[in-house]
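Student: Dropping the structure in here first, questions after.
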Amino acid sequence: MVDRSRMQNGLDSIAHRGPDDSGEFIDGPVWLGHRRLSIIDVEGGHQPMLSEDGAVCLVFNGEIYNFRELKRELVDKGYSFKTNSDTEVLLNLYLQRGIGCTEKLNGIFAFAIWDARSQELHLARDHMGVKPLYYVEGQFGFAFSSEIKALIASNLVQAELNCEVLAEFVVFRDIAGESTLFRGVKRLLPGCTLTLHDQSISSRQFWTLSGSDFGFKGSFDDALSETDRLVRTAVHDQMISDVPLGTFCSGGVDSSLVTAIASEIAHGGLNTYSVSFAESDYDESKFARQVSRQYGTTHHELTVSNDEFAAKLEKLSWNNDEPLNFPNSVHIHAISELAGQDVKVVLTGEGADELFGGYPRYHVPAVRSYWLKIPRVFRQMLVSIGKFSGDHRIAKIERYGRQSESMAILLNSAVANLDEAEGIVGNLGRSVTPVRSMLLEALAGSYGPVEKLGLLDQQTYLLSILNRQDKMSMAASIESRVPFLDTRLVQFANSLPLKFKMGFMENKVILKKLSEKYLPENLIYRRKSGFGVPLPDWFRSDSGLGTMISTLKDDDFISSLFGADLLNRLHLDHREGSADYSDLLWTMLSLSNWAKAFDVPKVNMDLPRGRIQ
């Protein structure tokens, strides 16, 4: 029988995901619990939701954007409805089509269905992985949740480090595939379903990124017109809400374009939110204000200081489940809290970089080919000049030049190079890409290196971005939506030839051209900022992050992994300015805060240590 008190502990731990309502369902050994953030049909839509005969039960997180269209089709087929919720549409769609219903959905979702008729439990996760879904297996049976902390709070799994993926986390600050940093906890992959029947588990992939093979045959103007139509359609569809809605407008092209289109659709009155920095090199707030003035939005802005930033870290590590991949997670949570005073839903710009070639690092394959044509002696001279001037990009290109093309693609999104990883976790640093290698092998064929980069990022790096956005916004009890990841737009963008996306040292060519219709050119054609955080300066300060990092060597958990001497040397070299170890220091600080947040025991890592040059 189900221990309801343990299950309730888990449900209570994610109350932030659904502060408006809660419910539970029990059928023998099956227990389903739900916390609701009420957005569609606020009065109706209570979950868990049962079919009319009580044989099928659904719990669902997310939104089905095409639920009204699906409802009309179901009504025509004789299905009746008691609510105006997308939840009931999903339930009836399952009754009609079984778990194959996922193929009809356009939305962001993680859901579970218990079908007493077949004695099957079905899990499903949306096409791009916007909504998280985790599961564990053990002597107790099988359990799942939108957040790992619920599985821990239910005492279904212990908070222990998954040592097998530590090196991968150090290199990428992320883990590809099903594994997580918690031993025994897996994640359901995007575009997949999982079925549990009679103690056996089967999975099925219902959607894949590949298949288009960059086969668009029209002109650039044709592609521009269709991109405009699809982006507008996605924004329009994702503005469906019975509660107030706004946008995160950082001042970058992607979120500004979403804001511009959303403002036109809403006919004014939109709330927009952004973060400013005292450090001018990181501050884009003036561009966010410019967009707000142009479109007449009600704009809200905040600044997070070094001290405020540091004070939030441990709590946000708990909210994030795994260590914070990105420093700007803190700012996303801060503006989510700010937005939560006015709205329950925000539109964001995530996904555009991966779809339209937005990262400067996507130029690495081309630069690498030119670099290898330079005589070795001159390359070494350039590396020395770059090291002396503090320009680390030349050394990075040289490292890529020494690697095979496939390895250069695999390591394109890395935050630490393999030499650094080996210097931290010993020989484990050489075994960091098994899942990424498998994904890259699946892209063999007509794809060039840059196309492979984008598709690989959509299956790896983008998932960490989406996890950040979901966890930080839901921690403040608001929902983030990502118009650029509408499946129709994803498939179309992945069909476009590379020349429509990238030129000579140009990124997002077609998206920037589209933005000229909506945004001022001084915003569009400036150097990409990427919503960065001034970590190098903050780590050298005498307060905030500077204080936290100075005591890292005294952290038993981190010292057990990396050694106090290494930690102390990294900090001192960074503080004195002889090296910039801000990325590595952030990784270690994130691991430290994660271990404290979940009381993860230290690990005796008996590894052969390398050394960081």
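Following the order of the structure tokens, chains are lettered A, B, ..., residues in each are numbered from 1, and ligands are numbered from 1.
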Please provide as a PyMOL selection string all residues within 8 Å of Thr87 of chain A, with the sequence filter that same-chain residues fewer than 2 positions apart are discarded (counting only C-alpha atoms).

Tutor: chain A and resi 45+49+60+85+89-91

Student: Write a file of the selected residues as a short mmCIF file (atom, residue, chain, number, x, y, z; two decimals), in the first residue's frame, keeping C-alpha atoms.

Tutor:
```cif
data_model
loop_
_atom_site.label_atom_id
_atom_site.label_comp_id
_atom_site.auth_asym_id
_atom_site.auth_seq_id
_atom_site.Cartn_x
_atom_site.Cartn_y
_atom_site.Cartn_z
CA GLY A 45 -9.37 21.94 -14.35
CA MET A 49 -8.52 14.51 -13.30
CA PHE A 60 -0.34 17.23 -16.05
CA SER A 85 -9.46 23.34 -19.41
CA VAL A 89 -8.89 17.93 -23.62
CA LEU A 90 -5.68 15.98 -23.00
CA LEU A 91 -7.57 13.35 -20.99
#
```

Student: Do a neighbour search on segment 32-38 of chain A at 8 Å with only C-alpha atoms, toss out local chain neighbours closer than 4 positions, and write the hits as a count of residues only.

Tutor: 24

Student: Using Å and a single decimal, report how far atom CA of Asp86 of chain A sits from atom CA of Leu270 of chain A.

Tutor: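 Atom CA of Leu270 of chain A sits 24.1 Å away from atom CA of Asp86 of chain A.
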
Student: For a quick check of understanding, using only C-alpha atoms, which of A:Asp237, A:Asp254, A:Glu160, A:Asp457 has the smallest distance to Asp174 of chain A?

Tutor: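 The shortest atom-to-atom distance to Asp174 of chain A comes from A:Asp457.
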
Student: Using only C-alpha atoms, what table do you get, as a tab-separated table, when you list each residue of segment 334-399 of chain A with an atom no more than 10 Å from segment 464-471 of chain A, its nearest pair of atoms, and their distance in Å rounded to one decimal, rows by chain then rising number?

Tutor:
```
residue	atom	partner	partner_atom	distance
A:Ser336	CA	A:Gln469	CA	9.6
A:Thr348	CA	A:Gln469	CA	8.9
A:Glu350	CA	A:Leu466	CA	7.5
A:Gly351	CA	A:Leu466	CA	8.5
```

Student: Which polymer residues have any atom within 10 Å of an atom of segment 441-449 of chain A, counting only C-alpha atoms, with same-chain residues fewer than 2 positions away left out, as a list of chain:residue names?

Tutor: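 Neighbouring residues, sequence-local ones excluded: A:Ser210, A:Asp213, A:Phe214, A:Gly215, A:Tyr362, A:His363, A:Val364, A:Pro365, A:Ala366, A:Glu405, A:Ser406, A:Ala408, A:Ile409, A:Val435, A:Arg436, A:Ser437, A:Met438, A:Leu439, A:Glu451, A:Lys452, A:Leu453, A:Gly454, A:Leu455, A:Leu456, A:Leu498.
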
Student: Can you tell me how far atom CA of Gly357 of chain A sits from atom CA of Lys508 of chain A, in Å to one decimal?

Tutor: 5.3 Å

Student: Identify, on the basis of only C-alpha atoms, every residue whose closest approach to Leu316 of chain A does not exceed 12 Å; exclude the query and any residue fewer than 5 positions from it along the same chain; express the result as a PyMOL selection string.

Tutor: chain A and resi 309-311+321-334+468+471-476+590+593-594+596-598

Student: Print the selection's residues with N, CA, C and O atoms to a file, as a tab-separated table (two decimals), in the first residue's frame.

Tutor:
```
chain	number	residue	atom	x	y	z
A	309	PHE	N	23.35	38.65	-4.87
A	309	PHE	CA	23.56	37.48	-5.70
A	309	PHE	C	24.05	36.31	-4.86
A	309	PHE	O	23.49	35.20	-4.90
A	310	ALA	N	25.09	36.54	-4.07
A	310	ALA	CA	25.67	35.48	-3.24
A	310	ALA	C	24.67	34.94	-2.23
A	310	ALA	O	24.63	33.74	-1.95
A	311	ALA	N	23.85	35.82	-1.68
A	311	ALA	CA	22.90	35.41	-0.64
A	311	ALA	C	21.83	34.45	-1.17
A	311	ALA	O	21.24	33.69	-0.40
A	321	ASP	N	17.38	21.87	-8.39
A	321	ASP	CA	17.61	20.44	-8.25
A	321	ASP	C	19.08	20.06	-8.41
A	321	ASP	O	19.65	19.41	-7.56
A	322	GLU	N	19.69	20.42	-9.48
A	322	GLU	CA	21.11	20.16	-9.69
A	322	GLU	C	21.87	21.49	-9.58
A	322	GLU	O	21.26	22.56	-9.53
A	323	PRO	N	23.20	21.43	-9.52
A	323	PRO	CA	23.96	22.68	-9.39
A	323	PRO	C	23.59	23.68	-10.48
A	323	PRO	O	23.26	23.30	-11.61
A	324	LEU	N	23.64	24.95	-10.14
A	324	LEU	CA	23.28	26.00	-11.10
A	324	LEU	C	24.25	25.99	-12.27
A	324	LEU	O	25.44	26.26	-12.10
A	325	ASN	N	23.73	25.68	-13.46
A	325	ASN	CA	24.59	25.69	-14.65
A	325	ASN	C	25.05	27.10	-14.99
A	325	ASN	O	26.21	27.32	-15.36
A	326	PHE	N	24.15	28.05	-14.85
A	326	PHE	CA	24.39	29.40	-15.34
A	326	PHE	C	24.28	30.42	-14.20
A	326	PHE	O	23.29	30.41	-13.46
A	327	PRO	N	25.24	31.32	-14.08
A	327	PRO	CA	25.14	32.37	-13.07
A	327	PRO	C	23.88	33.21	-13.20
A	327	PRO	O	23.31	33.64	-12.20
A	328	ASN	N	23.43	33.45	-14.44
A	328	ASN	CA	22.26	34.32	-14.59
A	328	ASN	C	20.95	33.66	-14.15
A	328	ASN	O	19.89	34.28	-14.23
A	329	SER	N	21.03	32.40	-13.67
A	329	SER	CA	19.86	31.79	-13.04
A	329	SER	C	19.36	32.66	-11.90
A	329	SER	O	18.15	32.77	-11.67
A	330	VAL	N	20.30	33.27	-11.18
A	330	VAL	CA	19.94	34.12	-10.05
A	330	VAL	C	19.07	35.30	-10.52
A	330	VAL	O	18.06	35.65	-9.89
A	331	HIS	N	19.45	35.89	-11.63
A	331	HIS	CA	18.72	37.05	-12.13
A	331	HIS	C	17.37	36.64	-12.72
A	331	HIS	O	16.39	37.40	-12.61
A	332	ILE	N	17.31	35.47	-13.34
A	332	ILE	CA	16.03	35.00	-13.86
A	332	ILE	C	15.05	34.77	-12.72
A	332	ILE	O	13.86	35.09	-12.81
A	333	HIS	N	15.55	34.22	-11.62
A	333	HIS	CA	14.67	34.04	-10.45
A	333	HIS	C	14.25	35.38	-9.89
A	333	HIS	O	13.08	35.57	-9.51
A	334	ALA	N	15.17	36.33	-9.84
A	334	ALA	CA	14.86	37.64	-9.27
A	334	ALA	C	13.78	38.36	-10.10
A	334	ALA	O	12.82	38.92	-9.54
A	468	ARG	N	16.96	25.67	-16.52
A	468	ARG	CA	17.15	26.91	-15.76
A	468	ARG	C	15.91	27.78	-15.81
A	468	ARG	O	15.43	28.26	-14.76
A	471	LYS	N	12.89	26.01	-13.82
A	471	LYS	CA	13.06	25.90	-12.37
A	471	LYS	C	13.07	27.28	-11.70
A	471	LYS	O	12.52	27.45	-10.61
A	472	MET	N	13.74	28.26	-12.32
A	472	MET	CA	13.83	29.58	-11.70
A	472	MET	C	12.49	30.32	-11.74
A	472	MET	O	12.13	31.02	-10.79
A	473	SER	N	11.74	30.16	-12.82
A	473	SER	CA	10.44	30.84	-12.88
A	473	SER	C	9.41	30.12	-12.02
A	473	SER	O	8.64	30.77	-11.30
A	474	MET	N	9.39	28.80	-12.05
A	474	MET	CA	8.43	28.06	-11.23
A	474	MET	C	8.73	28.20	-9.74
A	474	MET	O	7.82	28.08	-8.91
A	475	ALA	N	9.99	28.45	-9.39
A	475	ALA	CA	10.32	28.72	-7.99
A	475	ALA	C	9.61	29.97	-7.49
A	475	ALA	O	9.34	30.11	-6.30
A	476	ALA	N	9.30	30.87	-8.43
A	476	ALA	CA	8.55	32.08	-8.10
A	476	ALA	C	7.07	31.93	-8.47
A	476	ALA	O	6.32	32.92	-8.48
A	590	SER	N	29.06	26.10	-7.45
A	590	SER	CA	27.73	25.55	-7.69
A	590	SER	C	27.61	24.15	-7.09
A	590	SER	O	26.58	23.81	-6.49
A	593	ASN	N	27.29	24.54	-3.23
A	593	ASN	CA	25.96	24.97	-2.79
A	593	ASN	C	24.91	23.88	-2.99
A	593	ASN	O	23.98	23.74	-2.18
A	594	TRP	N	25.05	23.12	-4.05
A	594	TRP	CA	24.14	22.00	-4.30
A	594	TRP	C	24.26	20.95	-3.19
A	594	TRP	O	23.26	20.46	-2.67
A	596	LYS	N	25.30	21.37	-0.15
A	596	LYS	CA	24.74	21.90	1.09
A	596	LYS	C	23.21	21.89	1.05
A	596	LYS	O	22.56	21.54	2.05
A	597	ALA	N	22.65	22.25	-0.09
A	597	ALA	CA	21.19	22.35	-0.20
A	597	ALA	C	20.52	21.00	0.00
A	597	ALA	O	19.43	20.91	0.59
A	598	PHE	N	21.16	19.92	-0.47
A	598	PHE	CA	20.56	18.59	-0.40
A	598	PHE	C	21.27	17.66	0.58
A	598	PHE	O	20.96	16.48	0.65
```

Student: Can you tell me, as an NGL selection string, which residues in segment 4-194 of chain A count as alpha helix (DSSP H) by DSSP?

Tutor: :A and (4-13 or 67-76 or 86-97 or 148-153 or 166-172)

Student: Let me make sure I understand: among A:Ser80, A:Ser203, A:Asn412, A:Ser118, which one has the smallest atom-to-atom distance to Asn92 of chain A if we use only C-alpha atoms?

Tutor: A:Ser80

Student: With only C-alpha atoms as the atoms that count, which of A:Leu338, A:Leu196, A:Val425, A:Leu567 lies nearest to Asn271 of chain A?

Tutor: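 Between A:Leu338, A:Leu196, A:Val425, A:Leu567, the residue approaching Asn271 of chain A most closely is A:Leu338.
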
Student: List the neighbours of Tyr135 of chain A out to 7 Å using only C-alpha atoms; skip same-chain residues closer than 5 positions along the sequence, and give me the result as an mmCIF file with all heavy atoms, in the first residue's frame.

Tutor:
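File written: result.cif
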```cif
data_model
loop_
_atom_site.group_PDB
_atom_site.id
_atom_site.type_symbol
_atom_site.label_atom_id
_atom_site.label_comp_id
_atom_site.auth_asym_id
_atom_site.auth_seq_id
_atom_site.Cartn_x
_atom_site.Cartn_y
_atom_site.Cartn_z
ATOM 1 N N ALA A 143 8.728 5.653 -9.173
ATOM 2 C CA ALA A 143 8.208 6.972 -8.798
ATOM 3 C C ALA A 143 8.706 8.017 -9.786
ATOM 4 O O ALA A 143 9.768 7.868 -10.394
ATOM 5 C CB ALA A 143 8.634 7.339 -7.379
ATOM 6 N N PHE A 144 7.961 9.099 -9.924
ATOM 7 C CA PHE A 144 8.316 10.164 -10.861
ATOM 8 C C PHE A 144 7.877 11.505 -10.298
ATOM 9 O O PHE A 144 7.013 11.574 -9.413
ATOM 10 C CB PHE A 144 7.640 9.933 -12.219
ATOM 11 C CG PHE A 144 6.144 9.989 -12.154
ATOM 12 C CD1 PHE A 144 5.463 11.179 -12.377
ATOM 13 C CD2 PHE A 144 5.413 8.851 -11.851
ATOM 14 C CE1 PHE A 144 4.078 11.240 -12.286
ATOM 15 C CE2 PHE A 144 4.020 8.904 -11.764
ATOM 16 C CZ PHE A 144 3.360 10.094 -11.983
ATOM 17 N N SER A 145 8.460 12.587 -10.826
ATOM 18 C CA SER A 145 8.090 13.931 -10.389
ATOM 19 C C SER A 145 8.644 14.966 -11.361
ATOM 20 O O SER A 145 9.589 14.692 -12.105
ATOM 21 C CB SER A 145 8.640 14.204 -8.986
ATOM 22 O OG SER A 145 8.329 15.528 -8.572
ATOM 23 N N VAL A 185 18.782 8.671 -10.150
ATOM 24 C CA VAL A 185 17.686 9.479 -10.694
ATOM 25 C C VAL A 185 17.914 9.693 -12.182
ATOM 26 O O VAL A 185 18.988 10.142 -12.604
ATOM 27 C CB VAL A 185 17.586 10.839 -9.981
ATOM 28 C CG1 VAL A 185 16.446 11.662 -10.578
ATOM 29 C CG2 VAL A 185 17.379 10.651 -8.489
ATOM 30 N N LYS A 186 16.887 9.385 -12.975
ATOM 31 C CA LYS A 186 16.956 9.586 -14.424
ATOM 32 C C LYS A 186 15.921 10.623 -14.851
ATOM 33 O O LYS A 186 14.970 10.905 -14.138
ATOM 34 C CB LYS A 186 16.685 8.269 -15.156
ATOM 35 C CG LYS A 186 17.745 7.208 -14.933
ATOM 36 C CD LYS A 186 17.415 5.956 -15.729
ATOM 37 C CE LYS A 186 18.477 4.886 -15.540
ATOM 38 N NZ LYS A 186 18.156 3.665 -16.322
ATOM 39 N N ARG A 187 16.139 11.160 -16.046
ATOM 40 C CA ARG A 187 15.150 12.069 -16.615
ATOM 41 C C ARG A 187 14.576 11.448 -17.888
ATOM 42 O O ARG A 187 15.299 10.780 -18.646
ATOM 43 C CB ARG A 187 15.758 13.443 -16.884
ATOM 44 C CG ARG A 187 16.762 13.504 -17.980
ATOM 45 C CD ARG A 187 17.430 14.869 -18.044
ATOM 46 N NE ARG A 187 18.853 14.763 -17.725
ATOM 47 C CZ ARG A 187 19.537 15.690 -17.072
ATOM 48 N NH1 ARG A 187 18.939 16.776 -16.670
ATOM 49 N NH2 ARG A 187 20.817 15.516 -16.814
#
```

Student: Just checking: using only C-alpha atoms, which residue out of A:Ser225, A:Thr272, A:Gln403, A:Ser384 ends up closest to His299 of chain A?

Tutor: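 Selected residue with least distance to His299 of chain A: A:Thr272.
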
Student: Could you pull the residues within 7 Å of segment 284-288 of chain A, counting only C-alpha atoms, minus those fewer than 5 positions along the same chain, as a list in words?

Tutor: Cys249, Ser250, Gly251, Ser274, Val275, Ser276 and Leu523 of chain A

Student: Do you know which residues are at most 12 Å from Gly252 of chain A counting only C-alpha atoms, after dropping those on the same chain fewer than 5 positions away, and could you put them as a PDB file with C-alpha atoms, in the first residue's frame?

Tutor:
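Writing the result to selection.pdb gives the following:
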```pdb
ATOM      1  CA  LEU A 257      11.424  40.416 -30.940  1.00  0.00           C
ATOM      2  CA  VAL A 258       9.048  38.305 -28.851  1.00  0.00           C
ATOM      3  CA  THR A 259       8.114  41.404 -26.842  1.00  0.00           C
ATOM      4  CA  ALA A 260       7.484  43.469 -29.969  1.00  0.00           C
ATOM      5  CA  SER A 274      14.572  43.084 -17.288  1.00  0.00           C
ATOM      6  CA  VAL A 275      17.746  43.144 -15.173  1.00  0.00           C
ATOM      7  CA  TYR A 282      27.189  43.498 -18.908  1.00  0.00           C
ATOM      8  CA  ASP A 283      24.291  45.930 -18.899  1.00  0.00           C
ATOM      9  CA  GLU A 284      21.658  45.754 -21.676  1.00  0.00           C
ATOM     10  CA  SER A 285      18.915  47.504 -19.755  1.00  0.00           C
ATOM     11  CA  LYS A 286      18.958  50.597 -21.944  1.00  0.00           C
ATOM     12  CA  PHE A 287      17.938  48.469 -24.927  1.00  0.00           C
ATOM     13  CA  ALA A 288      15.110  46.861 -22.956  1.00  0.00           C
ATOM     14  CA  ARG A 289      13.868  50.340 -22.038  1.00  0.00           C
ATOM     15  CA  GLN A 290      14.120  51.348 -25.695  1.00  0.00           C
ATOM     16  CA  VAL A 291      11.851  48.453 -26.723  1.00  0.00           C
ATOM     17  CA  THR A 348      10.903  34.439 -23.223  1.00  0.00           C
ATOM     18  CA  GLY A 349      13.424  34.270 -26.077  1.00  0.00           C
ATOM     19  CA  GLU A 350      15.080  30.903 -25.352  1.00  0.00           C
ATOM     20  CA  ALA A 352      16.541  31.202 -31.006  1.00  0.00           C
ATOM     21  CA  ASP A 353      20.335  30.893 -30.773  1.00  0.00           C
ATOM     22  CA  GLY A 358      23.225  32.638 -32.733  1.00  0.00           C
ATOM     23  CA  LYS A 512      18.099  39.854 -37.485  1.00  0.00           C
ATOM     24  CA  SER A 515      13.868  42.014 -36.518  1.00  0.00           C
ATOM     25  CA  LEU A 519      13.185  46.780 -33.709  1.00  0.00           C
ATOM     26  CA  PRO A 520      15.743  49.609 -34.029  1.00  0.00           C
ATOM     27  CA  GLU A 521      18.965  48.664 -35.830  1.00  0.00           C
ATOM     28  CA  ASN A 522      21.210  49.846 -32.981  1.00  0.00           C
ATOM     29  CA  LEU A 523      19.694  47.084 -30.864  1.00  0.00           C
ATOM     30  CA  ILE A 524      19.867  44.413 -33.562  1.00  0.00           C
ATOM     31  CA  TYR A 525      23.388  44.895 -34.887  1.00  0.00           C
ATOM     32  CA  ARG A 526      25.458  45.183 -31.789  1.00  0.00           C
ATOM     33  CA  ARG A 527      27.829  42.708 -30.174  1.00  0.00           C
ATOM     34  CA  LYS A 528      26.031  39.794 -28.504  1.00  0.00           C
ATOM     35  CA  SER A 529      25.993  40.042 -24.717  1.00  0.00           C
ATOM     36  CA  GLY A 530      24.209  36.835 -23.762  1.00  0.00           C
ATOM     37  CA  PHE A 531      22.827  38.067 -20.431  1.00  0.00           C
ATOM     38  CA  GLY A 532      26.191  37.590 -18.746  1.00  0.00           C
TER      39      GLY A 532
END
```

Student: Looking only at strand (DSSP E) from DSSP on the backbone, list the matching residues of segment 64-199 of chain A as a PyMOL selection string.

Tutor: chain A and resi 64+107-115+120-125+134-138+141-145+186-187+192-197

Student: Would you output that residue set with N, CA, C and O atoms, as a CSV table (one decimal), in the first residue's frame?

Tutor:
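So out39.csv came out as:
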```
chain,number,residue,atom,x,y,z
A,64,ILE,N,-1.3,23.1,-23.2
A,64,ILE,CA,-1.5,22.6,-24.6
A,64,ILE,C,-2.0,23.7,-25.4
A,64,ILE,O,-3.2,24.2,-25.2
A,107,GLY,N,2.6,22.0,-27.5
A,107,GLY,CA,2.6,22.7,-26.2
A,107,GLY,C,3.8,22.3,-25.4
A,107,GLY,O,4.8,21.8,-26.0
A,108,ILE,N,3.8,22.7,-24.2
A,108,ILE,CA,4.9,22.3,-23.2
A,108,ILE,C,4.2,21.4,-22.2
A,108,ILE,O,3.2,21.9,-21.6
A,109,PHE,N,4.8,20.3,-21.9
A,109,PHE,CA,4.0,19.4,-21.0
A,109,PHE,C,4.9,18.3,-20.5
A,109,PHE,O,5.9,17.8,-21.1
A,110,ALA,N,4.6,17.9,-19.3
A,110,ALA,CA,5.0,16.6,-18.7
A,110,ALA,C,3.8,16.1,-18.0
A,110,ALA,O,3.2,16.8,-17.2
A,111,PHE,N,3.4,14.9,-18.4
A,111,PHE,CA,2.2,14.3,-17.8
A,111,PHE,C,2.3,12.8,-17.5
A,111,PHE,O,3.2,12.2,-18.1
A,112,ALA,N,1.4,12.4,-16.6
A,112,ALA,CA,1.3,11.0,-16.3
A,112,ALA,C,-0.1,10.5,-16.3
A,112,ALA,O,-1.0,11.3,-15.9
A,113,ILE,N,-0.4,9.3,-16.9
A,113,ILE,CA,-1.7,8.8,-17.0
A,113,ILE,C,-1.7,7.4,-16.4
A,113,ILE,O,-0.9,6.5,-16.8
A,114,TRP,N,-2.6,7.1,-15.4
A,114,TRP,CA,-2.8,5.8,-14.9
A,114,TRP,C,-4.1,5.3,-15.6
A,114,TRP,O,-5.1,5.8,-15.5
A,115,ASP,N,-3.9,4.1,-16.3
A,115,ASP,CA,-5.0,3.5,-17.0
A,115,ASP,C,-5.3,2.2,-16.3
A,115,ASP,O,-4.6,1.2,-16.5
A,120,GLU,N,-1.7,0.2,-16.8
A,120,GLU,CA,-0.5,0.8,-17.3
A,120,GLU,C,-0.3,2.2,-16.8
A,120,GLU,O,-1.3,2.9,-16.7
A,121,LEU,N,0.9,2.6,-16.5
A,121,LEU,CA,1.2,4.0,-16.2
A,121,LEU,C,2.0,4.5,-17.4
A,121,LEU,O,3.0,4.0,-17.8
A,122,HIS,N,1.6,5.7,-17.9
A,122,HIS,CA,2.2,6.3,-19.0
A,122,HIS,C,2.8,7.7,-18.6
A,122,HIS,O,2.1,8.4,-17.9
A,123,LEU,N,4.0,7.9,-18.9
A,123,LEU,CA,4.6,9.2,-18.8
A,123,LEU,C,5.0,9.8,-20.1
A,123,LEU,O,5.3,9.1,-21.1
A,124,ALA,N,4.9,11.2,-20.3
A,124,ALA,CA,5.3,11.8,-21.5
A,124,ALA,C,5.9,13.2,-21.2
A,124,ALA,O,5.5,13.8,-20.3
A,125,ARG,N,6.8,13.5,-22.1
A,125,ARG,CA,7.5,14.8,-22.0
A,125,ARG,C,7.5,15.5,-23.3
A,125,ARG,O,7.6,14.9,-24.4
A,134,TYR,N,11.3,13.6,-14.1
A,134,TYR,CA,12.3,12.7,-13.5
A,134,TYR,C,11.7,11.4,-13.0
A,134,TYR,O,10.5,11.4,-12.6
A,135,TYR,N,12.5,10.3,-12.9
A,135,TYR,CA,11.9,9.1,-12.3
A,135,TYR,C,13.0,8.3,-11.7
A,135,TYR,O,14.2,8.4,-12.0
A,136,VAL,N,12.6,7.4,-10.7
A,136,VAL,CA,13.5,6.5,-10.1
A,136,VAL,C,12.8,5.1,-10.0
A,136,VAL,O,11.6,5.0,-10.0
A,137,GLU,N,13.7,4.1,-9.9
A,137,GLU,CA,13.2,2.7,-9.7
A,137,GLU,C,13.9,2.2,-8.5
A,137,GLU,O,15.1,2.4,-8.3
A,138,GLY,N,13.2,1.3,-7.7
A,138,GLY,CA,13.8,0.8,-6.5
A,138,GLY,C,13.0,-0.3,-5.9
A,138,GLY,O,12.0,-0.8,-6.5
A,141,GLY,N,9.4,0.3,-5.8
A,141,GLY,CA,8.6,0.3,-7.1
A,141,GLY,C,9.2,1.4,-8.0
A,141,GLY,O,10.4,1.5,-8.3
A,142,PHE,N,8.3,2.2,-8.5
A,142,PHE,CA,8.6,3.3,-9.5
A,142,PHE,C,8.0,4.6,-9.1
A,142,PHE,O,6.8,4.6,-8.6
A,143,ALA,N,8.7,5.7,-9.2
A,143,ALA,CA,8.2,7.0,-8.8
A,143,ALA,C,8.7,8.0,-9.8
A,143,ALA,O,9.8,7.9,-10.4
A,144,PHE,N,8.0,9.1,-9.9
A,144,PHE,CA,8.3,10.2,-10.9
A,144,PHE,C,7.9,11.5,-10.3
A,144,PHE,O,7.0,11.6,-9.4
A,145,SER,N,8.5,12.6,-10.8
A,145,SER,CA,8.1,13.9,-10.4
A,145,SER,C,8.6,15.0,-11.4
A,145,SER,O,9.6,14.7,-12.1
A,186,LYS,N,16.9,9.4,-13.0
A,186,LYS,CA,17.0,9.6,-14.4
A,186,LYS,C,15.9,10.6,-14.9
A,186,LYS,O,15.0,10.9,-14.1
A,187,ARG,N,16.1,11.2,-16.0
A,187,ARG,CA,15.2,12.1,-16.6
A,187,ARG,C,14.6,11.4,-17.9
A,187,ARG,O,15.3,10.8,-18.6
A,192,CYS,N,9.6,12.0,-25.8
A,192,CYS,CA,9.5,10.5,-25.5
A,192,CYS,C,8.4,10.2,-24.5
A,192,CYS,O,8.0,11.1,-23.7
A,193,THR,N,7.9,9.0,-24.6
A,193,THR,CA,6.9,8.5,-23.6
A,193,THR,C,7.6,7.3,-22.9
A,193,THR,O,8.5,6.6,-23.5
A,194,LEU,N,7.1,7.0,-21.8
A,194,LEU,CA,7.5,5.8,-21.0
A,194,LEU,C,6.3,5.1,-20.5
A,194,LEU,O,5.4,5.7,-19.9
A,195,THR,N,6.3,3.8,-20.6
A,195,THR,CA,5.1,3.0,-20.2
A,195,THR,C,5.6,1.9,-19.2
A,195,THR,O,6.5,1.2,-19.5
A,196,LEU,N,4.9,1.9,-18.0
A,196,LEU,CA,5.2,0.9,-17.0
A,196,LEU,C,4.0,-0.1,-17.0
A,196,LEU,O,2.9,0.3,-16.7
A,197,HIS,N,4.3,-1.3,-17.2
A,197,HIS,CA,3.3,-2.4,-17.3
A,197,HIS,C,3.8,-3.7,-16.7
A,197,HIS,O,4.8,-4.2,-17.2
```

Student: For a quick check of understanding, using only C-alpha atoms, which of A:Pro360, A:Leu462, A:Glu337, A:Leu382 has the smallest distance to Met505 of chain A?

Tutor: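 Answer, going by the shortest atom-to-atom distance: A:Pro360.
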